[in-house]
$ cat coords-v9.cif   # mmCIF, C-alpha atoms and all ligand atoms
data_data
loop_
_atom_site.label_atom_id
_atom_site.label_comp_id
_atom_site.auth_asym_id
_atom_site.auth_seq_id
_atom_site.Cartn_x
_atom_site.Cartn_y
_atom_site.Cartn_z
CA MET A 1 111.77 -20.50 288.82
CA LYS A 2 111.61 -22.34 292.08
CA TYR A 3 114.96 -22.97 293.74
CA LEU A 4 115.82 -25.19 296.64
CA VAL A 5 118.64 -23.50 298.57
CA ILE A 6 120.95 -25.61 300.74
CA SER A 7 124.19 -24.72 302.48
CA ASP A 8 126.60 -26.09 305.07
CA VAL A 9 125.48 -29.71 305.01
CA HIS A 10 128.74 -30.66 306.73
CA ALA A 11 128.57 -34.39 306.13
CA ASN A 12 125.27 -34.71 307.99
CA LEU A 13 123.37 -37.18 305.79
CA GLU A 14 120.35 -37.42 308.09
CA ALA A 15 119.83 -33.65 308.01
CA LEU A 16 120.28 -33.54 304.22
CA GLU A 17 117.75 -36.31 303.65
CA ALA A 18 115.22 -34.58 305.92
CA ALA A 19 115.65 -31.28 304.07
CA LEU A 20 115.29 -32.92 300.65
CA ALA A 21 112.18 -34.79 301.81
CA LYS A 22 110.60 -31.62 303.20
CA ALA A 23 111.43 -29.39 300.21
CA GLY A 24 108.48 -28.66 297.95
CA PRO A 25 108.55 -28.94 294.16
CA HIS A 26 111.44 -27.01 292.60
CA ASP A 27 113.12 -26.51 289.23
CA ALA A 28 116.72 -26.29 290.39
CA VAL A 29 118.96 -26.59 293.43
CA LEU A 30 121.51 -24.08 294.72
CA VAL A 31 124.22 -25.54 296.96
CA LEU A 32 126.29 -22.91 298.77
CA GLY A 33 129.24 -24.99 299.92
CA ASP A 34 130.63 -26.85 302.93
CA LEU A 35 129.34 -30.27 301.99
CA VAL A 36 131.91 -31.86 304.30
CA GLY A 37 133.61 -31.29 307.63
CA TYR A 38 132.33 -31.92 311.21
CA GLY A 39 129.94 -34.77 310.30
CA ALA A 40 130.56 -38.47 309.74
CA ASP A 41 129.17 -38.98 306.22
CA PRO A 42 131.28 -37.00 303.76
CA ASN A 43 131.12 -39.55 300.94
CA ALA A 44 127.41 -40.30 301.33
CA VAL A 45 126.58 -36.58 301.37
CA ILE A 46 128.68 -35.92 298.26
CA ASP A 47 127.12 -38.91 296.50
CA ARG A 48 123.64 -37.60 297.35
CA VAL A 49 124.41 -34.06 296.19
CA ARG A 50 125.92 -35.37 292.97
CA GLN A 51 122.56 -37.05 292.25
CA LEU A 52 120.63 -33.78 292.47
CA ARG A 53 119.35 -32.61 289.11
CA SER A 54 119.81 -29.04 287.87
CA ALA A 55 122.12 -28.20 290.74
CA THR A 56 124.58 -25.31 290.87
CA ILE A 57 127.20 -26.12 293.48
CA ILE A 58 129.97 -23.89 294.84
CA ARG A 59 132.68 -24.78 297.31
CA GLY A 60 133.08 -23.79 300.94
CA ASN A 61 136.20 -23.46 303.08
CA HIS A 62 135.81 -27.01 304.48
CA ASP A 63 135.50 -28.41 300.96
CA LYS A 64 138.78 -26.78 299.96
CA VAL A 65 140.69 -28.14 302.93
CA GLY A 66 139.01 -31.56 302.76
CA ALA A 67 139.95 -31.82 299.08
CA GLY A 68 143.54 -30.88 299.87
CA ILE A 69 143.61 -27.66 297.84
CA GLU A 70 144.00 -25.38 300.85
CA ASN A 71 146.04 -25.62 304.03
CA VAL A 72 144.33 -26.61 307.30
CA GLU A 73 146.21 -24.04 309.41
CA ALA A 74 143.42 -21.43 309.41
CA PHE A 75 141.06 -23.90 311.12
CA ASN A 76 140.41 -24.09 314.85
CA HIS A 77 141.25 -27.26 316.75
CA LEU A 78 137.84 -28.94 316.32
CA ALA A 79 137.47 -28.11 312.66
CA LYS A 80 141.04 -29.24 312.02
CA HIS A 81 140.48 -32.59 313.70
CA ALA A 82 137.31 -33.20 311.72
CA ILE A 83 138.65 -32.11 308.33
CA THR A 84 141.81 -34.21 308.74
CA TRP A 85 139.55 -37.21 309.38
CA THR A 86 137.40 -36.22 306.39
CA ALA A 87 140.37 -35.90 304.03
CA ALA A 88 141.44 -39.44 304.88
CA GLU A 89 137.88 -40.73 304.49
CA LEU A 90 137.06 -39.26 301.06
CA THR A 91 137.21 -41.58 298.08
CA PRO A 92 139.66 -40.43 295.37
CA ASN A 93 136.73 -39.76 293.06
CA ASN A 94 134.85 -37.63 295.58
CA ARG A 95 138.03 -35.77 296.54
CA ALA A 96 138.65 -34.88 292.89
CA TRP A 97 135.04 -33.81 292.46
CA LEU A 98 135.22 -31.63 295.58
CA ALA A 99 138.50 -30.08 294.44
CA ALA A 100 136.93 -29.12 291.12
CA LEU A 101 133.97 -27.22 292.61
CA PRO A 102 133.93 -23.56 291.55
CA ALA A 103 134.38 -20.67 293.94
CA GLY A 104 131.54 -18.22 294.45
CA PRO A 105 130.10 -15.81 293.68
CA VAL A 106 128.14 -17.33 290.80
CA ASN A 107 125.30 -15.51 289.08
CA ILE A 108 122.33 -17.83 288.79
CA ASP A 109 119.98 -15.67 286.74
CA SER A 110 119.28 -11.99 286.23
CA TRP A 111 117.99 -11.73 289.78
CA VAL A 112 119.94 -14.15 292.00
CA GLU A 113 123.58 -14.86 292.85
CA ILE A 114 125.16 -17.24 295.35
CA CYS A 115 128.36 -17.26 297.39
CA HIS A 116 129.69 -19.22 300.37
CA GLY A 117 130.97 -16.47 302.68
CA SER A 118 130.59 -13.16 300.91
CA PRO A 119 130.58 -12.05 297.26
CA PHE A 120 134.02 -10.41 297.58
CA ASP A 121 135.73 -13.30 299.38
CA GLU A 122 134.37 -16.83 299.70
CA ASP A 123 135.97 -17.23 303.14
CA VAL A 124 134.76 -13.99 304.77
CA TYR A 125 131.81 -14.11 307.20
CA ILE A 126 128.79 -11.80 307.05
CA PHE A 127 127.74 -11.39 310.66
CA ASP A 128 126.29 -7.88 310.81
CA ASP A 129 125.10 -4.96 308.72
CA LEU A 130 128.63 -3.56 308.36
CA ASP A 131 129.80 -6.84 306.81
CA ALA A 132 126.67 -6.80 304.67
CA ARG A 133 127.31 -3.23 303.45
CA ARG A 134 130.77 -4.28 302.22
CA ALA A 135 129.28 -7.32 300.53
CA LEU A 136 126.59 -5.27 298.89
CA LEU A 137 129.17 -3.12 297.11
CA VAL A 138 130.17 -6.12 294.99
CA ALA A 139 126.89 -8.02 294.83
CA GLU A 140 125.61 -7.84 291.26
CA ARG A 141 122.10 -9.15 291.70
CA THR A 142 118.99 -8.13 293.62
CA LEU A 143 119.33 -11.18 295.86
CA CYS A 144 122.67 -12.55 297.04
CA LEU A 145 122.35 -15.84 298.92
CA PHE A 146 125.20 -16.72 301.26
CA GLY A 147 126.12 -19.34 303.89
CA HIS A 148 129.20 -19.92 306.07
CA THR A 149 127.89 -18.48 309.38
CA HIS A 150 125.27 -21.23 309.84
CA VAL A 151 122.87 -18.55 311.10
CA PRO A 152 119.77 -17.53 309.11
CA ALA A 153 119.81 -13.79 308.43
CA VAL A 154 118.29 -11.17 306.16
CA TYR A 155 119.95 -7.85 305.22
CA LYS A 156 117.81 -5.46 303.22
CA PHE A 157 119.04 -2.27 301.58
CA ASP A 158 117.49 0.34 299.34
CA THR A 159 118.74 3.85 299.82
CA ASP A 160 119.71 2.74 303.32
CA TYR A 161 119.94 -0.37 305.48
CA HIS A 162 116.70 -1.80 306.88
CA PRO A 163 116.90 -4.24 309.75
CA VAL A 164 114.84 -7.37 309.15
CA ALA A 165 114.13 -9.79 311.99
CA PRO A 166 116.18 -12.96 311.47
CA PRO A 167 114.29 -15.96 310.12
CA ARG A 168 113.03 -18.04 313.03
CA GLY A 169 110.53 -20.83 313.47
CA GLU A 170 109.36 -23.67 311.28
CA MET A 171 108.54 -21.48 308.30
CA PHE A 172 109.67 -17.89 307.77
CA ARG A 173 108.35 -16.27 304.60
CA LEU A 174 109.96 -13.16 303.17
CA LEU A 175 108.38 -11.15 300.36
CA LEU A 176 111.20 -9.55 298.40
CA ASP A 177 110.84 -5.97 297.25
CA ASP A 178 112.13 -5.43 293.70
CA ALA A 179 113.31 -1.94 294.54
CA ALA A 180 115.66 -3.22 297.27
CA LYS A 181 118.78 -5.41 297.39
CA TYR A 182 119.13 -8.36 299.74
CA LEU A 183 121.74 -10.56 301.29
CA VAL A 184 120.10 -13.65 302.75
CA ASN A 185 121.42 -16.65 304.64
CA CYS A 186 118.91 -19.54 304.72
CA GLY A 187 120.85 -21.25 307.53
CA ALA A 188 122.76 -24.50 307.71
CA VAL A 189 121.34 -27.90 306.81
CA GLY A 190 123.80 -29.94 308.80
CA GLN A 191 125.06 -27.81 311.66
CA PRO A 192 122.72 -24.95 312.65
CA ARG A 193 124.17 -22.39 315.07
CA ASP A 194 121.19 -20.17 315.88
CA GLY A 195 120.01 -22.26 318.83
CA ASP A 196 117.47 -24.21 316.77
CA PRO A 197 118.85 -27.70 316.13
CA ARG A 198 116.53 -28.42 313.21
CA ALA A 199 117.99 -28.50 309.70
CA ALA A 200 117.53 -25.18 307.87
CA PHE A 201 117.13 -24.58 304.14
CA GLY A 202 115.44 -22.17 301.76
CA MET A 203 112.83 -22.26 299.01
CA LEU A 204 113.00 -19.36 296.58
CA ASP A 205 110.22 -18.58 294.13
CA THR A 206 111.40 -15.88 291.73
CA ALA A 207 107.96 -15.51 290.13
CA SER A 208 106.22 -14.57 293.37
CA ARG A 209 109.40 -13.00 294.83
CA THR A 210 109.11 -15.09 297.96
CA LEU A 211 111.91 -16.69 299.91
CA THR A 212 110.95 -19.13 302.64
CA VAL A 213 113.36 -20.37 305.30
CA ILE A 214 112.20 -23.76 306.52
CA ARG A 215 113.21 -25.83 309.55
CA VAL A 216 112.83 -29.58 309.72
CA PRO A 217 113.71 -32.04 312.49
CA TYR A 218 115.90 -34.96 311.48
CA ASP A 219 117.29 -38.18 312.94
CA LEU A 220 119.71 -36.40 315.24
CA ALA A 221 120.50 -39.51 317.32
CA THR A 222 121.79 -41.39 314.29
CA ALA A 223 123.92 -38.46 313.10
CA GLN A 224 125.39 -38.15 316.61
CA ALA A 225 126.03 -41.89 316.96
CA LYS A 226 127.92 -41.91 313.65
CA ILE A 227 130.14 -39.03 314.82
CA ILE A 228 130.99 -40.88 318.03
CA ALA A 229 131.54 -44.19 316.22
CA ALA A 230 133.89 -42.45 313.75
CA GLY A 231 136.07 -41.31 316.63
CA LEU A 232 135.40 -37.64 315.90
CA PRO A 233 135.34 -35.23 318.89
CA GLU A 234 132.19 -35.84 320.97
CA VAL A 235 131.46 -32.13 321.15
CA LEU A 236 130.64 -32.27 317.43
CA ALA A 237 127.82 -34.66 318.29
CA HIS A 238 126.65 -32.67 321.32
CA ARG A 239 126.53 -29.32 319.53
CA LEU A 240 124.05 -30.70 316.98
CA ALA A 241 121.51 -31.18 319.76
CA ILE A 242 121.67 -27.57 320.89
CA GLY A 243 122.10 -25.94 317.51
CA ARG A 244 125.36 -24.16 318.39
ZN ZN B 301 130.17 -24.23 307.20
#
$ encode --input "coords-v9.cif" --output "structure tokens"
Amino acid sequence: MKYLVISDVHANLEALEAALAKAGPHDAVLVLGDLVGYGADPNAVIDRVRQLRSATIIRGNHDKVGAGIENVEAFNHLAKHAITWTAAELTPNNRAWLAALPAGPVNIDSWVEICHGSPFDEDVYIFDDLDARRALLVAERTLCLFGHTHVPAVYKFDTDYHPVAPPRGEMFRLLLDDAAKYLVNCGAVGQPRDGDPRAAFGMLDTASRTLTVIRVPYDLATAQAKIIAAGLPEVLAHRLAIGR
């Protein structure tokens, strides 16, 4: 099976379109949550994701708050401003669809599972190997794909933890070892935070056991102009340019 892996689109339609255009042939799509929040195109992004065929979609923390099924209080000032705007912007149909998205983790096949934050709590961040060790205790599959941090990362374990250099550059190919377990973040499509402003996504080939993290430039100026025109905080436009 060939999977396209996308996460944290955050209402950035230009980044999503660039990722979909760059993605190679695939059999199915895995969407790891946070379709909305921060960006100016929540409805267009949801409409586009709803068109994807053979997609497994789980919710993120911004989806829950945007859909009105969780309180906004846990959000910082910027996120709160953006998600309040988003909640007012969503069509009733898209809000209902967002509210109905399942929580992770979800087992995809005998080898792969997906979650938004971590497999034991959809809202918890995996930032380091200690977080990853906790997550590994509940991960059921060889490969657990996660999002939420917006930073591409690979955690490899067999009898012990093995540091793997984080995915960087236009194309980072990882050959997965069947004897190990992995937690992998393919990065954020719509709001990267690793200093590379290009949209990030993954292509997973379970037959060849390869996972490729791919970066693609997108029409950043248009995404930024829409954020400004929507009256969202300007810093949300500026941060896209620096990938933070
Ligand atoms: Zn996110």
$ residues_near_ligand --input "coords-v9.cif" --ligand "ligand ZN 301 (chain B)" --cutoff "10 Å" --atoms "only C-alpha atoms and all ligand atoms" --output "ChimeraX atom specification"
/A:7-10,32-38,60-63,79,116-117,123,147-150,187-192
$ write_last_selection --input "coords-v9.cif" --atoms "C-alpha atoms" --output "mmCIF file, in the frame of the given file"
data_model
loop_
_atom_site.group_PDB
_atom_site.id
_atom_site.type_symbol
_atom_site.label_atom_id
_atom_site.label_comp_id
_atom_site.auth_asym_id
_atom_site.auth_seq_id
_atom_site.Cartn_x
_atom_site.Cartn_y
_atom_site.Cartn_z
ATOM 1 C CA SER A 7 124.190 -24.720 302.480
ATOM 2 C CA ASP A 8 126.600 -26.090 305.070
ATOM 3 C CA VAL A 9 125.480 -29.710 305.010
ATOM 4 C CA HIS A 10 128.740 -30.660 306.730
ATOM 5 C CA LEU A 32 126.290 -22.910 298.770
ATOM 6 C CA GLY A 33 129.240 -24.990 299.920
ATOM 7 C CA ASP A 34 130.630 -26.850 302.930
ATOM 8 C CA LEU A 35 129.340 -30.270 301.990
ATOM 9 C CA VAL A 36 131.910 -31.860 304.300
ATOM 10 C CA GLY A 37 133.610 -31.290 307.630
ATOM 11 C CA TYR A 38 132.330 -31.920 311.210
ATOM 12 C CA GLY A 60 133.080 -23.790 300.940
ATOM 13 C CA ASN A 61 136.200 -23.460 303.080
ATOM 14 C CA HIS A 62 135.810 -27.010 304.480
ATOM 15 C CA ASP A 63 135.500 -28.410 300.960
ATOM 16 C CA ALA A 79 137.470 -28.110 312.660
ATOM 17 C CA HIS A 116 129.690 -19.220 300.370
ATOM 18 C CA GLY A 117 130.970 -16.470 302.680
ATOM 19 C CA ASP A 123 135.970 -17.230 303.140
ATOM 20 C CA GLY A 147 126.120 -19.340 303.890
ATOM 21 C CA HIS A 148 129.200 -19.920 306.070
ATOM 22 C CA THR A 149 127.890 -18.480 309.380
ATOM 23 C CA HIS A 150 125.270 -21.230 309.840
ATOM 24 C CA GLY A 187 120.850 -21.250 307.530
ATOM 25 C CA ALA A 188 122.760 -24.500 307.710
ATOM 26 C CA VAL A 189 121.340 -27.900 306.810
ATOM 27 C CA GLY A 190 123.800 -29.940 308.800
ATOM 28 C CA GLN A 191 125.060 -27.810 311.660
ATOM 29 C CA PRO A 192 122.720 -24.950 312.650
#
$ closest_residue --input "coords-v9.cif" --among "A:Leu211, A:Ala230, A:Leu175, A:Leu20" --to "A:Glu89" --atoms "only C-alpha atoms"
A:Ala230
$ atom_distance --input "coords-v9.cif" --atom1 "atom CA of A:Thr84" --atom2 "atom CA of A:Leu232"
10.2 Å
$ closest_residue --input "coords-v9.cif" --among "A:Val45, A:Asp158, A:Asp177, A:Arg193" --to "A:Leu13" --atoms "only C-alpha atoms"
A:Val45
$ residues_around --input "coords-v9.cif" --residues "stretch 234-241 of chain A" --least-positions-apart "2" --cutoff "12 Å" --atoms "only C-alpha atoms" --output "PyMOL selection string"
chain A and resi 10-12+14-15+37-40+77-79+81-82+150+188-199+217-232+243-244
$ closest_residue --input "coords-v9.cif" --among "A:Tyr161, A:Tyr3, A:Phe146, A:Trp111" --to "A:Arg133" --atoms "only C-alpha atoms"
A:Tyr161
$ closest_residue --input "coords-v9.cif" --among "A:Asp27, A:Asp131, A:Glu122, A:Glu170" --to "A:Arg53" --atoms "only C-alpha atoms"
A:Asp27
$ closest_residue --input "coords-v9.cif" --among "A:Val164, A:Leu176, A:Val151, A:Ala28" --to "A:Ala200" --atoms "only C-alpha atoms"
A:Val151
$ build_atoms --input "coords-v9.cif" --residues "stretch 97-121 of chain A" --atoms "N, CA and C atoms" --output "PDB file, in the coordinates of the input"
ATOM      1  N   TRP A  97     136.265 -34.557 292.763  1.00  0.00           N
ATOM      2  CA  TRP A  97     135.040 -33.810 292.460  1.00  0.00           C
ATOM      3  C   TRP A  97     134.946 -32.562 293.347  1.00  0.00           C
ATOM      4  N   LEU A  98     135.265 -32.745 294.625  1.00  0.00           N
ATOM      5  CA  LEU A  98     135.220 -31.630 295.580  1.00  0.00           C
ATOM      6  C   LEU A  98     136.244 -30.554 295.197  1.00  0.00           C
ATOM      7  N   ALA A  99     137.426 -31.010 294.804  1.00  0.00           N
ATOM      8  CA  ALA A  99     138.500 -30.080 294.440  1.00  0.00           C
ATOM      9  C   ALA A  99     138.152 -29.254 293.215  1.00  0.00           C
ATOM     10  N   ALA A 100     137.277 -29.796 292.381  1.00  0.00           N
ATOM     11  CA  ALA A 100     136.930 -29.120 291.120  1.00  0.00           C
ATOM     12  C   ALA A 100     135.744 -28.168 291.265  1.00  0.00           C
ATOM     13  N   LEU A 101     135.128 -28.115 292.437  1.00  0.00           N
ATOM     14  CA  LEU A 101     133.970 -27.220 292.610  1.00  0.00           C
ATOM     15  C   LEU A 101     134.405 -25.765 292.406  1.00  0.00           C
ATOM     16  N   PRO A 102     133.573 -24.969 291.761  1.00  0.00           N
ATOM     17  CA  PRO A 102     133.930 -23.560 291.550  1.00  0.00           C
ATOM     18  C   PRO A 102     133.792 -22.736 292.825  1.00  0.00           C
ATOM     19  N   ALA A 103     134.540 -21.643 292.865  1.00  0.00           N
ATOM     20  CA  ALA A 103     134.380 -20.670 293.940  1.00  0.00           C
ATOM     21  C   ALA A 103     133.189 -19.769 293.621  1.00  0.00           C
ATOM     22  N   GLY A 104     132.537 -19.263 294.658  1.00  0.00           N
ATOM     23  CA  GLY A 104     131.540 -18.220 294.450  1.00  0.00           C
ATOM     24  C   GLY A 104     132.225 -16.884 294.332  1.00  0.00           C
ATOM     25  N   PRO A 105     131.528 -15.820 293.995  1.00  0.00           N
ATOM     26  CA  PRO A 105     130.100 -15.810 293.680  1.00  0.00           C
ATOM     27  C   PRO A 105     129.817 -16.327 292.267  1.00  0.00           C
ATOM     28  N   VAL A 106     128.615 -16.885 292.108  1.00  0.00           N
ATOM     29  CA  VAL A 106     128.140 -17.330 290.800  1.00  0.00           C
ATOM     30  C   VAL A 106     126.768 -16.694 290.575  1.00  0.00           C
ATOM     31  N   ASN A 107     126.611 -16.063 289.434  1.00  0.00           N
ATOM     32  CA  ASN A 107     125.300 -15.510 289.080  1.00  0.00           C
ATOM     33  C   ASN A 107     124.418 -16.622 288.552  1.00  0.00           C
ATOM     34  N   ILE A 108     123.239 -16.748 289.143  1.00  0.00           N
ATOM     35  CA  ILE A 108     122.330 -17.830 288.790  1.00  0.00           C
ATOM     36  C   ILE A 108     121.386 -17.412 287.664  1.00  0.00           C
ATOM     37  N   ASP A 109     120.820 -16.241 287.803  1.00  0.00           N
ATOM     38  CA  ASP A 109     119.980 -15.670 286.740  1.00  0.00           C
ATOM     39  C   ASP A 109     120.077 -14.155 286.869  1.00  0.00           C
ATOM     40  N   SER A 110     119.177 -13.448 286.229  1.00  0.00           N
ATOM     41  CA  SER A 110     119.280 -11.990 286.230  1.00  0.00           C
ATOM     42  C   SER A 110     118.946 -11.395 287.600  1.00  0.00           C
ATOM     43  N   TRP A 111     118.511 -12.219 288.510  1.00  0.00           N
ATOM     44  CA  TRP A 111     117.990 -11.730 289.780  1.00  0.00           C
ATOM     45  C   TRP A 111     118.751 -12.272 291.004  1.00  0.00           C
ATOM     46  N   VAL A 112     119.378 -13.426 290.857  1.00  0.00           N
ATOM     47  CA  VAL A 112     119.940 -14.150 292.000  1.00  0.00           C
ATOM     48  C   VAL A 112     121.414 -14.495 291.796  1.00  0.00           C
ATOM     49  N   GLU A 113     122.214 -14.347 292.845  1.00  0.00           N
ATOM     50  CA  GLU A 113     123.580 -14.860 292.850  1.00  0.00           C
ATOM     51  C   GLU A 113     123.833 -15.609 294.155  1.00  0.00           C
ATOM     52  N   ILE A 114     124.843 -16.471 294.143  1.00  0.00           N
ATOM     53  CA  ILE A 114     125.160 -17.240 295.350  1.00  0.00           C
ATOM     54  C   ILE A 114     126.650 -17.114 295.671  1.00  0.00           C
ATOM     55  N   CYS A 115     126.958 -17.206 296.969  1.00  0.00           N
ATOM     56  CA  CYS A 115     128.360 -17.260 297.390  1.00  0.00           C
ATOM     57  C   CYS A 115     128.402 -18.088 298.687  1.00  0.00           C
ATOM     58  N   HIS A 116     129.605 -18.497 299.103  1.00  0.00           N
ATOM     59  CA  HIS A 116     129.690 -19.220 300.370  1.00  0.00           C
ATOM     60  C   HIS A 116     129.755 -18.224 301.537  1.00  0.00           C
ATOM     61  N   GLY A 117     130.817 -17.423 301.572  1.00  0.00           N
ATOM     62  CA  GLY A 117     130.970 -16.470 302.680  1.00  0.00           C
ATOM     63  C   GLY A 117     130.422 -15.103 302.327  1.00  0.00           C
ATOM     64  N   SER A 118     131.083 -14.457 301.369  1.00  0.00           N
ATOM     65  CA  SER A 118     130.590 -13.160 300.910  1.00  0.00           C
ATOM     66  C   SER A 118     130.952 -13.042 299.423  1.00  0.00           C
ATOM     67  N   PRO A 119     130.302 -12.129 298.699  1.00  0.00           N
ATOM     68  CA  PRO A 119     130.580 -12.050 297.260  1.00  0.00           C
ATOM     69  C   PRO A 119     131.981 -11.524 296.928  1.00  0.00           C
ATOM     70  N   PHE A 120     132.657 -10.889 297.883  1.00  0.00           N
ATOM     71  CA  PHE A 120     134.020 -10.410 297.580  1.00  0.00           C
ATOM     72  C   PHE A 120     135.096 -11.357 298.056  1.00  0.00           C
ATOM     73  N   ASP A 121     134.758 -12.297 298.896  1.00  0.00           N
ATOM     74  CA  ASP A 121     135.730 -13.300 299.380  1.00  0.00           C
ATOM     75  C   ASP A 121     134.949 -14.480 299.918  1.00  0.00           C
TER      76      ASP A 121
END
